[in-house]
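Heads up, target.pdb below (PDB, C-alpha atoms):
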```
ATOM      1  CA  MET A  26      -3.160  34.823   2.909
ATOM      2  CA  THR A  27      -0.936  31.930   1.922
ATOM      3  CA  THR A  28       2.503  32.280   0.432
ATOM      4  CA  PRO A  29       3.901  30.100  -2.355
ATOM      5  CA  ASP A  30       6.043  28.316   0.240
ATOM      6  CA  SER A  31       3.058  27.515   2.458
ATOM      7  CA  ASP A  32       1.085  26.303  -0.589
ATOM      8  CA  GLY A  33       3.985  24.001  -1.457
ATOM      9  CA  LEU A  34       4.059  22.697   2.101
ATOM     10  CA  LEU A  35       0.297  22.041   2.053
ATOM     11  CA  ALA A  36       0.584  20.222  -1.272
ATOM     12  CA  GLU A  37       3.390  18.067   0.128
ATOM     13  CA  GLN A  38       1.359  17.312   3.255
ATOM     14  CA  LEU A  39      -1.611  16.235   1.123
ATOM     15  CA  LEU A  40       0.608  13.950  -0.946
ATOM     16  CA  ARG A  41       2.134  12.435   2.186
ATOM     17  CA  LEU A  42      -1.332  11.901   3.674
ATOM     18  CA  THR A  43      -2.537  10.262   0.459
ATOM     19  CA  ARG A  44       0.403   7.847   0.512
ATOM     20  CA  ARG A  45      -0.268   7.079   4.190
ATOM     21  CA  VAL A  46      -3.969   6.447   3.514
ATOM     22  CA  HIS A  47      -3.086   4.066   0.655
ATOM     23  CA  ARG A  48      -0.562   2.174   2.805
ATOM     24  CA  ILE A  49      -2.996   1.792   5.694
ATOM     25  CA  GLN A  50      -5.874   0.715   3.436
ATOM     26  CA  LYS A  51      -3.618  -1.786   1.679
ATOM     27  CA  ARG A  52      -2.556  -3.242   5.042
ATOM     28  CA  HIS A  53      -6.179  -3.563   6.177
ATOM     29  CA  LEU A  54      -7.049  -5.288   2.895
ATOM     30  CA  GLU A  55      -4.132  -7.700   3.258
ATOM     31  CA  GLN A  56      -5.107  -8.499   6.870
ATOM     32  CA  ARG A  57      -8.499  -9.691   5.630
ATOM     33  CA  ASP A  58      -6.744 -11.984   3.141
ATOM     34  CA  LEU A  59      -9.216 -11.269   0.345
ATOM     35  CA  GLY A  60      -6.663 -11.679  -2.427
ATOM     36  CA  ILE A  61      -7.835  -8.404  -3.949
ATOM     37  CA  THR A  62      -5.506  -5.650  -5.062
ATOM     38  CA  PRO A  63      -6.368  -1.987  -4.437
ATOM     39  CA  ALA A  64      -7.069  -1.579  -8.175
ATOM     40  CA  GLN A  65      -9.417  -4.582  -8.161
ATOM     41  CA  SER A  66     -11.076  -3.149  -5.069
ATOM     42  CA  ARG A  67     -11.702   0.106  -6.915
ATOM     43  CA  LEU A  68     -13.203  -1.779  -9.867
ATOM     44  CA  LEU A  69     -15.532  -3.756  -7.583
ATOM     45  CA  ARG A  70     -16.689  -0.575  -5.835
ATOM     46  CA  THR A  71     -17.273   1.103  -9.194
ATOM     47  CA  LEU A  72     -19.143  -1.914 -10.532
ATOM     48  CA  ALA A  73     -21.420  -1.931  -7.482
ATOM     49  CA  HIS A  74     -22.695   1.561  -8.318
ATOM     50  CA  TRP A  75     -24.184   0.547 -11.659
ATOM     51  CA  GLY A  76     -27.867  -0.356 -11.817
ATOM     52  CA  SER A  77     -27.220  -2.934 -14.524
ATOM     53  CA  PRO A  78     -23.987  -4.626 -15.588
ATOM     54  CA  PRO A  79     -21.765  -2.164 -17.498
ATOM     55  CA  ARG A  80     -19.621  -2.775 -20.551
ATOM     56  CA  MET A  81     -15.837  -2.923 -20.136
ATOM     57  CA  ALA A  82     -15.572   0.410 -21.988
ATOM     58  CA  ASP A  83     -17.955   1.985 -19.457
ATOM     59  CA  LEU A  84     -15.774   0.770 -16.601
ATOM     60  CA  ALA A  85     -12.617   2.038 -18.292
ATOM     61  CA  GLU A  86     -14.170   5.457 -18.769
ATOM     62  CA  ARG A  87     -15.433   5.676 -15.182
ATOM     63  CA  LEU A  88     -12.090   4.496 -13.766
ATOM     64  CA  GLU A  89     -10.202   6.790 -16.164
ATOM     65  CA  VAL A  90      -7.943   3.995 -17.401
ATOM     66  CA  VAL A  91      -7.334   2.349 -20.751
ATOM     67  CA  PRO A  92      -9.659  -0.551 -21.627
ATOM     68  CA  ARG A  93      -6.752  -3.028 -21.493
ATOM     69  CA  ALA A  94      -6.257  -2.220 -17.800
ATOM     70  CA  VAL A  95      -9.901  -3.079 -17.112
ATOM     71  CA  THR A  96      -9.527  -6.340 -19.021
ATOM     72  CA  THR A  97      -6.623  -7.337 -16.784
ATOM     73  CA  LEU A  98      -8.546  -6.437 -13.618
ATOM     74  CA  VAL A  99     -11.674  -8.267 -14.771
ATOM     75  CA  ASP A 100      -9.605 -11.332 -15.734
ATOM     76  CA  GLY A 101      -8.243 -11.559 -12.186
ATOM     77  CA  LEU A 102     -11.607 -10.965 -10.539
ATOM     78  CA  GLU A 103     -13.317 -13.438 -12.843
ATOM     79  CA  ALA A 104     -10.684 -16.096 -12.065
ATOM     80  CA  SER A 105     -11.417 -15.657  -8.356
ATOM     81  CA  GLY A 106     -15.193 -15.819  -8.933
ATOM     82  CA  LYS A 107     -15.971 -12.231  -7.928
ATOM     83  CA  VAL A 108     -17.287 -11.071 -11.320
ATOM     84  CA  ARG A 109     -18.483 -12.731 -14.496
ATOM     85  CA  ARG A 110     -18.754 -11.719 -18.113
ATOM     86  CA  VAL A 111     -22.284 -11.940 -19.498
ATOM     87  CA  PRO A 112     -23.606 -11.245 -22.988
ATOM     88  CA  ASP A 113     -25.728  -8.148 -23.450
ATOM     89  CA  PRO A 114     -29.339  -9.282 -23.958
ATOM     90  CA  ALA A 115     -29.855  -6.721 -26.753
ATOM     91  CA  ASN A 116     -26.550  -7.300 -28.564
ATOM     92  CA  ARG A 117     -24.738 -10.591 -28.044
ATOM     93  CA  ARG A 118     -21.492  -9.115 -29.386
ATOM     94  CA  VAL A 119     -21.362  -6.823 -26.338
ATOM     95  CA  ILE A 120     -20.027  -8.253 -23.098
ATOM     96  CA  ARG A 121     -21.094  -6.861 -19.748
ATOM     97  CA  ILE A 122     -19.528  -7.367 -16.335
ATOM     98  CA  GLU A 123     -21.605  -8.299 -13.308
ATOM     99  CA  LEU A 124     -20.856  -8.977  -9.664
ATOM    100  CA  THR A 125     -21.273 -12.506  -8.362
ATOM    101  CA  ASP A 126     -22.407 -13.409  -4.864
ATOM    102  CA  ASP A 127     -18.712 -13.844  -3.960
ATOM    103  CA  GLY A 128     -18.075 -10.379  -5.355
ATOM    104  CA  ARG A 129     -20.817  -8.859  -3.196
ATOM    105  CA  ALA A 130     -19.411 -10.643  -0.132
ATOM    106  CA  ALA A 131     -15.948  -9.302  -0.989
ATOM    107  CA  LEU A 132     -17.409  -5.794  -1.248
ATOM    108  CA  ARG A 133     -18.806  -6.088   2.272
ATOM    109  CA  GLU A 134     -15.346  -7.107   3.511
ATOM    110  CA  LEU A 135     -13.748  -4.275   1.534
ATOM    111  CA  ARG A 136     -16.107  -1.750   3.104
ATOM    112  CA  ALA A 137     -15.254  -3.073   6.561
ATOM    113  CA  ALA A 138     -11.523  -2.838   5.766
ATOM    114  CA  ARG A 139     -11.907   0.742   4.526
ATOM    115  CA  ARG A 140     -13.923   1.653   7.618
ATOM    116  CA  SER A 141     -11.289   0.239   9.981
ATOM    117  CA  ALA A 142      -8.517   1.957   7.995
ATOM    118  CA  GLY A 143     -10.431   5.225   8.261
ATOM    119  CA  GLU A 144     -10.798   4.783  12.004
ATOM    120  CA  GLU A 145      -7.046   4.228  12.317
ATOM    121  CA  ILE A 146      -6.235   7.290  10.222
ATOM    122  CA  LEU A 147      -8.661   9.562  12.087
ATOM    123  CA  ALA A 148      -7.884   8.229  15.579
ATOM    124  CA  PRO A 149      -5.657  11.173  16.588
ATOM    125  CA  LEU A 150      -8.421  13.721  15.840
ATOM    126  CA  THR A 151     -11.140  14.931  18.178
ATOM    127  CA  GLU A 152     -14.759  14.900  17.009
ATOM    128  CA  GLU A 153     -14.597  18.645  16.402
ATOM    129  CA  GLN A 154     -11.428  18.264  14.330
ATOM    130  CA  ARG A 155     -13.065  15.483  12.308
ATOM    131  CA  GLU A 156     -16.046  17.724  11.541
ATOM    132  CA  SER A 157     -13.727  20.567  10.473
ATOM    133  CA  LEU A 158     -11.673  18.203   8.333
ATOM    134  CA  GLY A 159     -14.835  16.836   6.724
ATOM    135  CA  GLY A 160     -15.940  20.343   5.752
ATOM    136  CA  LEU A 161     -12.517  21.214   4.371
ATOM    137  CA  LEU A 162     -12.336  17.999   2.382
ATOM    138  CA  ASP A 163     -15.811  18.608   0.927
ATOM    139  CA  THR A 164     -14.602  22.030  -0.213
ATOM    140  CA  LEU A 165     -11.493  20.555  -1.825
ATOM    141  CA  ILE A 166     -13.431  17.746  -3.465
ATOM    142  CA  ASP A 167     -16.102  20.091  -4.842
ATOM    143  CA  GLY A 168     -13.530  22.694  -5.838
ATOM    144  CA  THR A 169     -15.820  25.458  -4.632
ATOM    145  CA  PRO A 170     -14.148  28.158  -2.547
ATOM    146  CA  VAL A 171     -15.591  28.899   0.870
ATOM    147  CA  ARG A 172     -16.763  32.479   1.119
ATOM    148  CA  SER A 173     -15.927  34.401   4.253
ATOM    149  CA  CYS A 174     -18.441  36.790   5.716
TER     150      CYS A 174
END
```
Go through the file and emit its structure as structure tokens.
Amino acid sequence: MTTPDSDGLLAEQLLRLTRRVHRIQKRHLEQRDLGITPAQSRLLRTLAHWGSPPRMADLAERLEVVPRAVTTLVDGLEASGKVRRVPDPANRRVIRIELTDDGRAALRELRAARRSAGEEILAPLTEEQRESLGGLLDTLIDGTPVRSC
């Protein structure tokens, strides 16, 4: 059984790990000189999961940010040619956001950067430890307690 002190220590360790992961991913992004911020990276990854170009409001909802934040991110990505605004075919007043070929190429680079960052972060672990960590993380992500037999 855990004590409040050990729970506090675990929470602190998770926060420290999160900060480390962000720092390492940011460094790997910068090394690839893509000119993409972590927030823009998140928007591109989110955009790639849509079957058809979403509205700005859809992106804001999915990213859990205010619409103005999405506008700023899209402005930067549009200026660099990674996304474009297109009118909705059914309602010309609605603007949708789609990836460009440059945006898809950037996504491939982003995936490679994330993969290499992940390899760096997990390097100290054995294969068995990685499998255990993966199971624990799935439990934390799903929020479903593991039942002991």
So which residues are close to (-12.4, -5.0, 1.6), meaning at most 12 Å away in the file's coordinates with only C-alpha atoms counted, and can you show them as a VMD selection string?
chain A and resid 50 to 70 128 to 142
Just so the selection is clear, what residues does the PyMOL selection byres ((chain A and resi 84) around 12) cover here, as number ranges by chain?
A: 65, 67-75, 78-83, 85-96, 98-99, 120-123
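The gap separating atom CA of Asp30 of chain A from atom CA of His47 of chain A is 25.9 Å, in Å to one decimal.
Across the structure, atom CA of Gln154 of chain A and atom CA of Asp167 of chain A are spaced 19.8 Å apart.
The interatomic distance for the pair atom CA of Lys107 of chain A and atom CA of Gly76 of chain A works out to 17.3 Å.
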